[in-house]
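Asks: See data-v8.txt below, with compact mmCIF, N, CA and C atoms.
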```
# COMPACT_ATOMS: atom_id res chain seq x y z
N MET A 1 10.23 39.77 -14.21
CA MET A 1 9.07 38.97 -14.48
C MET A 1 9.40 38.01 -15.62
N SER A 2 8.75 36.89 -15.66
CA SER A 2 9.09 35.84 -16.61
C SER A 2 8.45 36.03 -17.98
N GLY A 3 8.06 37.26 -18.34
CA GLY A 3 7.42 37.47 -19.62
C GLY A 3 5.91 37.35 -19.53
N GLN A 4 5.41 36.93 -18.37
CA GLN A 4 3.98 36.84 -18.16
C GLN A 4 3.59 37.86 -17.11
N ALA A 5 2.52 38.54 -17.34
CA ALA A 5 2.02 39.49 -16.35
C ALA A 5 1.10 38.75 -15.38
N THR A 6 0.74 39.39 -14.30
CA THR A 6 -0.10 38.75 -13.30
C THR A 6 -1.48 39.37 -13.27
N ILE A 7 -2.46 38.53 -12.98
CA ILE A 7 -3.83 39.00 -12.82
C ILE A 7 -4.06 39.31 -11.34
N HIS A 8 -3.99 38.31 -10.50
CA HIS A 8 -4.21 38.45 -9.07
C HIS A 8 -3.00 37.90 -8.33
N GLY A 9 -1.84 38.07 -8.88
CA GLY A 9 -0.65 37.53 -8.27
C GLY A 9 -0.24 36.19 -8.86
N ASP A 10 -1.11 35.58 -9.65
CA ASP A 10 -0.80 34.31 -10.31
C ASP A 10 -0.45 34.58 -11.76
N THR A 11 0.48 33.82 -12.31
CA THR A 11 0.79 34.00 -13.73
C THR A 11 -0.25 33.22 -14.54
N GLN A 12 -0.56 33.75 -15.69
CA GLN A 12 -1.55 33.14 -16.57
C GLN A 12 -0.94 33.00 -17.96
N GLY A 13 -1.19 31.89 -18.63
CA GLY A 13 -0.65 31.67 -19.96
C GLY A 13 -1.59 32.09 -21.06
N VAL A 14 -2.85 32.40 -20.73
CA VAL A 14 -3.85 32.73 -21.71
C VAL A 14 -4.38 34.13 -21.40
N ALA A 15 -4.54 34.94 -22.43
CA ALA A 15 -5.07 36.29 -22.23
C ALA A 15 -6.49 36.21 -21.70
N PRO A 16 -6.80 36.99 -20.68
CA PRO A 16 -8.16 36.99 -20.13
C PRO A 16 -9.18 37.44 -21.18
N ASP A 17 -10.33 36.81 -21.16
CA ASP A 17 -11.38 37.16 -22.11
C ASP A 17 -12.20 38.34 -21.58
N ALA A 18 -13.17 38.76 -22.38
CA ALA A 18 -14.00 39.90 -22.01
C ALA A 18 -14.73 39.66 -20.69
N ALA A 19 -15.18 38.44 -20.45
CA ALA A 19 -15.90 38.13 -19.21
C ALA A 19 -15.00 38.33 -17.99
N ALA A 20 -13.73 37.98 -18.11
CA ALA A 20 -12.80 38.16 -16.99
C ALA A 20 -12.56 39.64 -16.72
N ILE A 21 -12.41 40.44 -17.77
CA ILE A 21 -12.22 41.88 -17.62
C ILE A 21 -13.48 42.49 -16.99
N GLU A 22 -14.64 42.07 -17.48
CA GLU A 22 -15.90 42.58 -16.94
C GLU A 22 -16.05 42.22 -15.46
N ALA A 23 -15.70 41.02 -15.09
CA ALA A 23 -15.81 40.60 -13.69
C ALA A 23 -14.93 41.46 -12.78
N ILE A 24 -13.73 41.78 -13.24
CA ILE A 24 -12.84 42.64 -12.44
C ILE A 24 -13.45 44.04 -12.33
N GLY A 25 -13.96 44.57 -13.44
CA GLY A 25 -14.58 45.90 -13.42
C GLY A 25 -15.79 45.95 -12.50
N ARG A 26 -16.64 44.94 -12.58
CA ARG A 26 -17.84 44.91 -11.72
C ARG A 26 -17.46 44.73 -10.25
N ALA A 27 -16.42 43.96 -9.97
CA ALA A 27 -15.96 43.81 -8.59
C ALA A 27 -15.43 45.14 -8.07
N THR A 28 -14.79 45.89 -8.93
CA THR A 28 -14.31 47.23 -8.55
C THR A 28 -15.48 48.13 -8.20
N ILE A 29 -16.50 48.12 -9.02
CA ILE A 29 -17.69 48.93 -8.77
C ILE A 29 -18.34 48.52 -7.44
N ALA A 30 -18.39 47.24 -7.17
CA ALA A 30 -19.00 46.74 -5.93
C ALA A 30 -18.24 47.22 -4.69
N ARG A 31 -16.96 47.52 -4.83
CA ARG A 31 -16.15 47.99 -3.70
C ARG A 31 -16.22 49.50 -3.48
N LEU A 32 -16.85 50.21 -4.40
CA LEU A 32 -16.96 51.67 -4.26
C LEU A 32 -17.84 52.01 -3.06
N PRO A 33 -17.60 53.18 -2.45
CA PRO A 33 -18.49 53.62 -1.38
C PRO A 33 -19.94 53.71 -1.88
N ALA A 34 -20.88 53.41 -1.01
CA ALA A 34 -22.30 53.36 -1.38
C ALA A 34 -22.79 54.65 -2.03
N GLU A 35 -22.27 55.80 -1.59
CA GLU A 35 -22.75 57.07 -2.15
C GLU A 35 -22.38 57.22 -3.63
N PHE A 36 -21.42 56.44 -4.12
CA PHE A 36 -21.10 56.42 -5.54
C PHE A 36 -21.90 55.34 -6.26
N ARG A 37 -21.95 54.15 -5.68
CA ARG A 37 -22.65 53.03 -6.32
C ARG A 37 -24.11 53.35 -6.63
N VAL A 38 -24.76 54.09 -5.74
CA VAL A 38 -26.18 54.40 -5.91
C VAL A 38 -26.44 55.18 -7.21
N HIS A 39 -25.45 55.89 -7.70
CA HIS A 39 -25.62 56.70 -8.91
C HIS A 39 -25.10 56.01 -10.17
N LEU A 40 -24.79 54.73 -10.07
CA LEU A 40 -24.25 54.00 -11.22
C LEU A 40 -25.23 52.97 -11.78
N GLY A 41 -26.40 52.85 -11.17
CA GLY A 41 -27.35 51.81 -11.57
C GLY A 41 -27.79 51.88 -13.01
N ASP A 42 -27.91 53.07 -13.57
CA ASP A 42 -28.38 53.22 -14.95
C ASP A 42 -27.25 53.34 -15.96
N VAL A 43 -26.01 53.28 -15.50
CA VAL A 43 -24.87 53.39 -16.40
C VAL A 43 -24.59 52.01 -17.00
N VAL A 44 -24.53 51.96 -18.31
CA VAL A 44 -24.21 50.72 -19.02
C VAL A 44 -22.70 50.49 -18.88
N PHE A 45 -22.32 49.28 -18.51
CA PHE A 45 -20.91 48.91 -18.37
C PHE A 45 -20.63 47.82 -19.39
N ALA A 46 -19.70 48.07 -20.32
CA ALA A 46 -19.46 47.14 -21.42
C ALA A 46 -17.97 46.94 -21.65
N ILE A 47 -17.66 45.79 -22.21
CA ILE A 47 -16.29 45.47 -22.62
C ILE A 47 -16.32 45.22 -24.12
N GLU A 48 -15.43 45.89 -24.84
CA GLU A 48 -15.29 45.68 -26.28
C GLU A 48 -13.82 45.41 -26.57
N GLU A 49 -13.54 44.85 -27.71
CA GLU A 49 -12.15 44.54 -28.08
C GLU A 49 -11.35 45.82 -28.31
N PHE A 50 -11.87 46.71 -29.16
CA PHE A 50 -11.21 47.96 -29.52
C PHE A 50 -12.25 49.06 -29.60
N ALA A 51 -11.80 50.30 -29.48
CA ALA A 51 -12.68 51.44 -29.76
C ALA A 51 -12.93 51.50 -31.26
N ASP A 52 -14.15 51.91 -31.63
CA ASP A 52 -14.46 52.03 -33.06
C ASP A 52 -13.86 53.32 -33.62
N GLU A 53 -13.85 53.42 -34.93
CA GLU A 53 -13.24 54.57 -35.61
C GLU A 53 -13.90 55.88 -35.21
N GLU A 54 -15.21 55.87 -35.04
CA GLU A 54 -15.93 57.09 -34.68
C GLU A 54 -15.49 57.59 -33.29
N THR A 55 -15.39 56.70 -32.33
CA THR A 55 -14.96 57.07 -30.98
C THR A 55 -13.54 57.61 -31.01
N LEU A 56 -12.66 56.92 -31.73
CA LEU A 56 -11.27 57.38 -31.83
C LEU A 56 -11.20 58.77 -32.46
N ALA A 57 -11.97 59.00 -33.51
CA ALA A 57 -11.96 60.30 -34.19
C ALA A 57 -12.49 61.39 -33.26
N GLU A 58 -13.57 61.11 -32.52
CA GLU A 58 -14.14 62.09 -31.59
C GLU A 58 -13.12 62.53 -30.54
N LEU A 59 -12.27 61.59 -30.12
CA LEU A 59 -11.29 61.87 -29.07
C LEU A 59 -9.94 62.29 -29.61
N GLY A 60 -9.77 62.27 -30.94
CA GLY A 60 -8.50 62.65 -31.54
C GLY A 60 -7.40 61.63 -31.27
N ILE A 61 -7.78 60.37 -31.18
CA ILE A 61 -6.84 59.28 -30.92
C ILE A 61 -6.64 58.51 -32.22
N GLU A 62 -5.39 58.27 -32.58
CA GLU A 62 -5.11 57.63 -33.87
C GLU A 62 -5.14 56.12 -33.82
N HIS A 63 -4.65 55.53 -32.73
CA HIS A 63 -4.52 54.07 -32.69
C HIS A 63 -5.41 53.48 -31.61
N PRO A 64 -6.17 52.43 -31.92
CA PRO A 64 -7.10 51.87 -30.94
C PRO A 64 -6.43 51.33 -29.67
N LEU A 65 -5.16 50.97 -29.73
CA LEU A 65 -4.49 50.49 -28.52
C LEU A 65 -4.12 51.63 -27.57
N ASP A 66 -4.36 52.87 -28.00
CA ASP A 66 -4.08 54.02 -27.14
C ASP A 66 -5.28 54.42 -26.28
N LEU A 67 -6.39 53.70 -26.39
CA LEU A 67 -7.59 54.02 -25.60
C LEU A 67 -8.05 52.77 -24.86
N SER A 68 -7.91 52.80 -23.53
CA SER A 68 -8.27 51.63 -22.73
C SER A 68 -9.68 51.71 -22.16
N GLY A 69 -10.27 52.90 -22.17
CA GLY A 69 -11.64 53.04 -21.67
C GLY A 69 -12.19 54.40 -22.03
N VAL A 70 -13.53 54.49 -22.01
CA VAL A 70 -14.18 55.76 -22.33
C VAL A 70 -15.51 55.85 -21.58
N TYR A 71 -15.82 57.06 -21.17
CA TYR A 71 -17.14 57.37 -20.61
C TYR A 71 -17.89 58.16 -21.66
N GLN A 72 -19.10 57.74 -21.97
CA GLN A 72 -19.94 58.45 -22.93
C GLN A 72 -21.22 58.83 -22.21
N GLY A 73 -21.44 60.11 -22.10
CA GLY A 73 -22.62 60.61 -21.41
C GLY A 73 -22.36 61.99 -20.88
N ARG A 74 -23.28 62.47 -20.07
CA ARG A 74 -23.12 63.78 -19.42
C ARG A 74 -22.84 63.54 -17.95
N PRO A 75 -21.82 64.19 -17.40
CA PRO A 75 -21.55 64.05 -15.97
C PRO A 75 -22.79 64.41 -15.15
N LEU A 76 -22.94 63.77 -14.00
CA LEU A 76 -24.12 63.98 -13.17
C LEU A 76 -24.40 65.45 -12.89
N GLY A 77 -23.37 66.23 -12.62
CA GLY A 77 -23.56 67.63 -12.29
C GLY A 77 -24.08 68.47 -13.44
N GLU A 78 -24.04 67.93 -14.65
CA GLU A 78 -24.52 68.67 -15.83
C GLU A 78 -25.89 68.20 -16.30
N LYS A 79 -26.44 67.19 -15.65
CA LYS A 79 -27.73 66.64 -16.06
C LYS A 79 -28.85 67.55 -15.57
N SER A 80 -29.97 67.48 -16.27
CA SER A 80 -31.13 68.29 -15.95
C SER A 80 -32.38 67.42 -16.00
N SER A 81 -33.36 67.79 -15.23
CA SER A 81 -34.64 67.09 -15.29
C SER A 81 -35.32 67.31 -16.64
N MET A 82 -34.83 68.27 -17.39
CA MET A 82 -35.37 68.56 -18.72
C MET A 82 -34.78 67.65 -19.80
N ASP A 83 -33.74 66.89 -19.45
CA ASP A 83 -33.14 65.96 -20.41
C ASP A 83 -34.13 64.83 -20.68
N SER A 84 -34.33 64.53 -21.94
CA SER A 84 -35.17 63.38 -22.27
C SER A 84 -34.71 62.82 -23.60
N GLY A 85 -34.92 61.55 -23.76
CA GLY A 85 -34.58 60.90 -25.00
C GLY A 85 -33.10 60.63 -25.22
N ALA A 86 -32.27 60.93 -24.21
CA ALA A 86 -30.83 60.70 -24.36
C ALA A 86 -30.52 59.22 -24.17
N MET A 87 -29.50 58.78 -24.84
CA MET A 87 -29.02 57.42 -24.64
C MET A 87 -28.50 57.30 -23.21
N PRO A 88 -28.53 56.09 -22.64
CA PRO A 88 -27.99 55.95 -21.28
C PRO A 88 -26.48 56.19 -21.26
N ASP A 89 -26.00 56.70 -20.14
CA ASP A 89 -24.56 56.86 -19.98
C ASP A 89 -23.92 55.49 -20.10
N ARG A 90 -22.67 55.50 -20.58
CA ARG A 90 -22.01 54.22 -20.88
C ARG A 90 -20.53 54.33 -20.53
N ILE A 91 -20.04 53.29 -19.87
CA ILE A 91 -18.60 53.12 -19.63
C ILE A 91 -18.18 51.90 -20.41
N THR A 92 -17.21 52.08 -21.29
CA THR A 92 -16.71 50.97 -22.08
C THR A 92 -15.22 50.80 -21.80
N LEU A 93 -14.83 49.58 -21.50
CA LEU A 93 -13.42 49.23 -21.37
C LEU A 93 -13.02 48.48 -22.63
N TYR A 94 -11.82 48.75 -23.13
CA TYR A 94 -11.35 48.12 -24.36
C TYR A 94 -10.30 47.07 -24.02
N ARG A 95 -10.72 45.83 -24.16
CA ARG A 95 -9.93 44.68 -23.73
C ARG A 95 -8.52 44.65 -24.31
N ARG A 96 -8.38 44.79 -25.60
CA ARG A 96 -7.06 44.66 -26.23
C ARG A 96 -6.10 45.75 -25.78
N ALA A 97 -6.58 46.98 -25.63
CA ALA A 97 -5.72 48.07 -25.15
C ALA A 97 -5.31 47.82 -23.70
N ILE A 98 -6.23 47.32 -22.89
CA ILE A 98 -5.91 47.01 -21.50
C ILE A 98 -4.87 45.89 -21.44
N LEU A 99 -5.05 44.85 -22.24
CA LEU A 99 -4.09 43.74 -22.25
C LEU A 99 -2.71 44.21 -22.71
N GLU A 100 -2.68 45.09 -23.69
CA GLU A 100 -1.40 45.62 -24.18
C GLU A 100 -0.69 46.39 -23.06
N GLU A 101 -1.43 47.23 -22.36
CA GLU A 101 -0.84 47.99 -21.26
C GLU A 101 -0.40 47.05 -20.13
N TRP A 102 -1.18 46.04 -19.86
CA TRP A 102 -0.88 45.03 -18.84
C TRP A 102 0.47 44.37 -19.15
N ILE A 103 0.65 43.98 -20.39
CA ILE A 103 1.89 43.31 -20.80
C ILE A 103 3.07 44.28 -20.74
N GLU A 104 2.85 45.50 -21.24
CA GLU A 104 3.94 46.49 -21.29
C GLU A 104 4.39 46.96 -19.91
N THR A 105 3.44 47.11 -18.99
CA THR A 105 3.78 47.70 -17.69
C THR A 105 4.06 46.67 -16.60
N GLY A 106 3.48 45.47 -16.73
CA GLY A 106 3.64 44.47 -15.68
C GLY A 106 2.76 44.73 -14.46
N VAL A 107 1.91 45.75 -14.55
CA VAL A 107 0.96 46.02 -13.47
C VAL A 107 -0.03 44.87 -13.41
N ARG A 108 -0.45 44.52 -12.19
CA ARG A 108 -1.44 43.44 -12.05
C ARG A 108 -2.70 43.81 -12.82
N LEU A 109 -3.27 42.85 -13.52
CA LEU A 109 -4.44 43.12 -14.35
C LEU A 109 -5.61 43.64 -13.52
N ASP A 110 -5.84 43.09 -12.35
CA ASP A 110 -6.97 43.58 -11.55
C ASP A 110 -6.75 45.03 -11.13
N ASP A 111 -5.51 45.41 -10.83
CA ASP A 111 -5.22 46.80 -10.49
C ASP A 111 -5.42 47.72 -11.70
N LEU A 112 -4.99 47.27 -12.87
CA LEU A 112 -5.12 48.07 -14.09
C LEU A 112 -6.59 48.26 -14.47
N VAL A 113 -7.36 47.18 -14.46
CA VAL A 113 -8.78 47.27 -14.81
C VAL A 113 -9.50 48.15 -13.79
N ALA A 114 -9.17 48.00 -12.51
CA ALA A 114 -9.78 48.86 -11.48
C ALA A 114 -9.46 50.32 -11.75
N HIS A 115 -8.22 50.61 -12.10
CA HIS A 115 -7.81 51.98 -12.37
C HIS A 115 -8.61 52.57 -13.55
N VAL A 116 -8.71 51.83 -14.63
CA VAL A 116 -9.43 52.32 -15.81
C VAL A 116 -10.92 52.48 -15.49
N THR A 117 -11.49 51.50 -14.80
CA THR A 117 -12.90 51.56 -14.43
C THR A 117 -13.19 52.80 -13.58
N ILE A 118 -12.39 53.02 -12.56
CA ILE A 118 -12.61 54.16 -11.67
C ILE A 118 -12.37 55.48 -12.39
N HIS A 119 -11.42 55.50 -13.29
CA HIS A 119 -11.18 56.72 -14.07
C HIS A 119 -12.43 57.09 -14.87
N GLU A 120 -13.02 56.11 -15.51
CA GLU A 120 -14.22 56.38 -16.32
C GLU A 120 -15.41 56.72 -15.42
N ILE A 121 -15.54 56.07 -14.28
CA ILE A 121 -16.58 56.43 -13.32
C ILE A 121 -16.37 57.87 -12.86
N GLY A 122 -15.13 58.25 -12.67
CA GLY A 122 -14.83 59.62 -12.28
C GLY A 122 -15.36 60.62 -13.27
N HIS A 123 -15.30 60.31 -14.56
CA HIS A 123 -15.85 61.21 -15.57
C HIS A 123 -17.37 61.33 -15.41
N HIS A 124 -18.03 60.23 -15.05
CA HIS A 124 -19.47 60.23 -14.83
C HIS A 124 -19.85 61.21 -13.72
N PHE A 125 -18.99 61.28 -12.71
CA PHE A 125 -19.25 62.17 -11.58
C PHE A 125 -18.62 63.56 -11.76
N GLY A 126 -17.86 63.76 -12.85
CA GLY A 126 -17.21 65.04 -13.08
C GLY A 126 -16.07 65.29 -12.10
N LEU A 127 -15.39 64.24 -11.67
CA LEU A 127 -14.32 64.35 -10.68
C LEU A 127 -13.01 64.82 -11.30
N SER A 128 -12.20 65.45 -10.49
CA SER A 128 -10.84 65.82 -10.89
C SER A 128 -9.96 64.58 -10.81
N ASP A 129 -8.76 64.66 -11.35
CA ASP A 129 -7.82 63.54 -11.26
C ASP A 129 -7.51 63.20 -9.80
N ASP A 130 -7.34 64.21 -8.95
CA ASP A 130 -7.08 63.96 -7.54
C ASP A 130 -8.24 63.22 -6.88
N ASP A 131 -9.47 63.64 -7.20
CA ASP A 131 -10.64 62.97 -6.64
C ASP A 131 -10.74 61.53 -7.15
N MET A 132 -10.35 61.31 -8.41
CA MET A 132 -10.37 59.94 -8.96
C MET A 132 -9.38 59.06 -8.20
N HIS A 133 -8.21 59.60 -7.90
CA HIS A 133 -7.21 58.83 -7.14
C HIS A 133 -7.74 58.51 -5.75
N ALA A 134 -8.42 59.46 -5.10
CA ALA A 134 -9.00 59.21 -3.78
C ALA A 134 -10.08 58.14 -3.86
N LEU A 135 -10.90 58.17 -4.91
CA LEU A 135 -11.93 57.15 -5.10
C LEU A 135 -11.30 55.79 -5.33
N GLU A 136 -10.22 55.77 -6.09
CA GLU A 136 -9.50 54.52 -6.33
C GLU A 136 -8.96 53.95 -5.01
N ASP A 137 -8.43 54.81 -4.16
CA ASP A 137 -7.95 54.37 -2.85
C ASP A 137 -9.10 53.83 -2.00
N ALA A 138 -10.27 54.47 -2.09
CA ALA A 138 -11.43 54.04 -1.30
C ALA A 138 -11.94 52.67 -1.76
N ALA A 139 -11.74 52.35 -3.03
CA ALA A 139 -12.23 51.08 -3.56
C ALA A 139 -11.19 49.96 -3.48
N ALA A 140 -10.01 50.27 -2.97
CA ALA A 140 -8.94 49.27 -2.91
C ALA A 140 -9.25 48.18 -1.89
```
Show the structure stored in the file as structure tokens.
Replies:
Amino acid sequence: MSGQATIHGDTQGVAPDAAAIEAIGRATIARLPAEFRVHLGDVVFAIEEFADEETLAELGIEHPLDLSGVYQGRPLGEKSSMDSGAMPDRITLYRRAILEEWIETGVRLDDLVAHVTIHEIGHHFGLSDDDMHALEDAAA
């Protein structure tokens, strides 16, 4: 590769902004099977530059570039009708960590963002790693 990674097969000279990362993530969600999409309507989907210190400490991660995404909430199978007053579930992708991994690995950015997005969605559903890979294949 010429030192530039690819987004959709095209080389780009400028790092994608948060809106571009969000668009890829939302397109990934739109490709999920309907039985998954129906349960994602109330999940907040956000893009931030880096994870904050509190999130890193909670996960035992030292460097913000080591965390490309996080799911915050209770998996669907653990929710109860007795739950009230909880913050909405949230999936956050961290732009700078994703870009760093994109550059280091040479994986297409849309594939990388889709992978991270589906991994975090998998946590929302309480899926195993194998189930997450199957979901990723279904959304391809």
Asks: Give me, as number ranges by chain, all polymer residues having an atom no more than 5 Å from region 92-94 of chain A, counting all atoms listed in the file and skipping those fewer than 2 positions away in the same chain.
Replies: A: 46-49, 68-70, 90, 96-98
Asks: From a DSSP calculation on the backbone, collect every residue of chain A in strand (DSSP E or B) and output the set as a ChimeraX atom specification.
Replies: /A:6,11,44-48,69-72,90-94
Asks: Expressed in Å to a single decimal, how great is the separation between atom C of Leu67 (chain A) and CA of Leu40 (chain A)?
Replies: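 Those two atoms sit 21.2 Å apart.
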Asks: Could you work out how far atom N of Ala19 (chain A) lies from atom C of Val38 (chain A), giving the answer in Å with one decimal?
Replies: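 About the pair atom C of Val38 (chain A) and atom N of Ala19 (chain A): they are 24.1 Å apart.
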Asks: Please indicate the distance in Å from CA of Ala134 (chain A) to CA of Ala30 (chain A), rounded to one decimal place.
Replies: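 According to the coordinates, CA of Ala134 (chain A) and CA of Ala30 (chain A) are separated by 16.1 Å.
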Asks: Would you please extract all helix (DSSP H, G or I) residues from chain A, as assigned by DSSP on the backbone, and give them as a PyMOL selection string?
Replies: chain A and resi 18-31+34-37+53-59+64-66+76-78+95-105+109-125+129-138
Asks: Excluding Ile118 (chain A) and residues on its chain fewer than 4 positions from it, collect all residues at most 8 Å away from it, counting only N, CA and C atoms, and give them as a short mmCIF file (atom, residue, chain, number, x, y, z; two decimals) with N, CA and C atoms, in the frame of the given file.
Replies:
```
data_model
loop_
_atom_site.label_atom_id
_atom_site.label_comp_id
_atom_site.auth_asym_id
_atom_site.auth_seq_id
_atom_site.Cartn_x
_atom_site.Cartn_y
_atom_site.Cartn_z
N GLY A 25 -13.96 44.57 -13.44
CA GLY A 25 -14.58 45.90 -13.42
C GLY A 25 -15.79 45.95 -12.50
N THR A 28 -14.79 45.89 -8.93
CA THR A 28 -14.31 47.23 -8.55
C THR A 28 -15.48 48.13 -8.20
N ILE A 29 -16.50 48.12 -9.02
CA ILE A 29 -17.69 48.93 -8.77
C ILE A 29 -18.34 48.52 -7.44
N LEU A 112 -4.99 47.27 -12.87
CA LEU A 112 -5.12 48.07 -14.09
C LEU A 112 -6.59 48.26 -14.47
N VAL A 113 -7.36 47.18 -14.46
CA VAL A 113 -8.78 47.27 -14.81
C VAL A 113 -9.50 48.15 -13.79
N ALA A 114 -9.17 48.00 -12.51
CA ALA A 114 -9.78 48.86 -11.48
C ALA A 114 -9.46 50.32 -11.75
N GLY A 122 -15.13 58.25 -12.67
CA GLY A 122 -14.83 59.62 -12.28
C GLY A 122 -15.36 60.62 -13.27
N HIS A 123 -15.30 60.31 -14.56
CA HIS A 123 -15.85 61.21 -15.57
C HIS A 123 -17.37 61.33 -15.41
N HIS A 124 -18.03 60.23 -15.05
CA HIS A 124 -19.47 60.23 -14.83
C HIS A 124 -19.85 61.21 -13.72
N MET A 132 -10.35 61.31 -8.41
CA MET A 132 -10.37 59.94 -8.96
C MET A 132 -9.38 59.06 -8.20
N HIS A 133 -8.21 59.60 -7.90
CA HIS A 133 -7.21 58.83 -7.14
C HIS A 133 -7.74 58.51 -5.75
N LEU A 135 -10.90 58.17 -4.91
CA LEU A 135 -11.93 57.15 -5.10
C LEU A 135 -11.30 55.79 -5.33
N GLU A 136 -10.22 55.77 -6.09
CA GLU A 136 -9.50 54.52 -6.33
C GLU A 136 -8.96 53.95 -5.01
#
```
Asks: Would you please work out which residue, of A:Trp102, A:Phe50, A:Phe45, A:Phe125, is nearest to Pro75 (chain A) when using all atoms listed in the file?
Replies: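 The answer is A:Phe125, which sits nearest to Pro75 (chain A).
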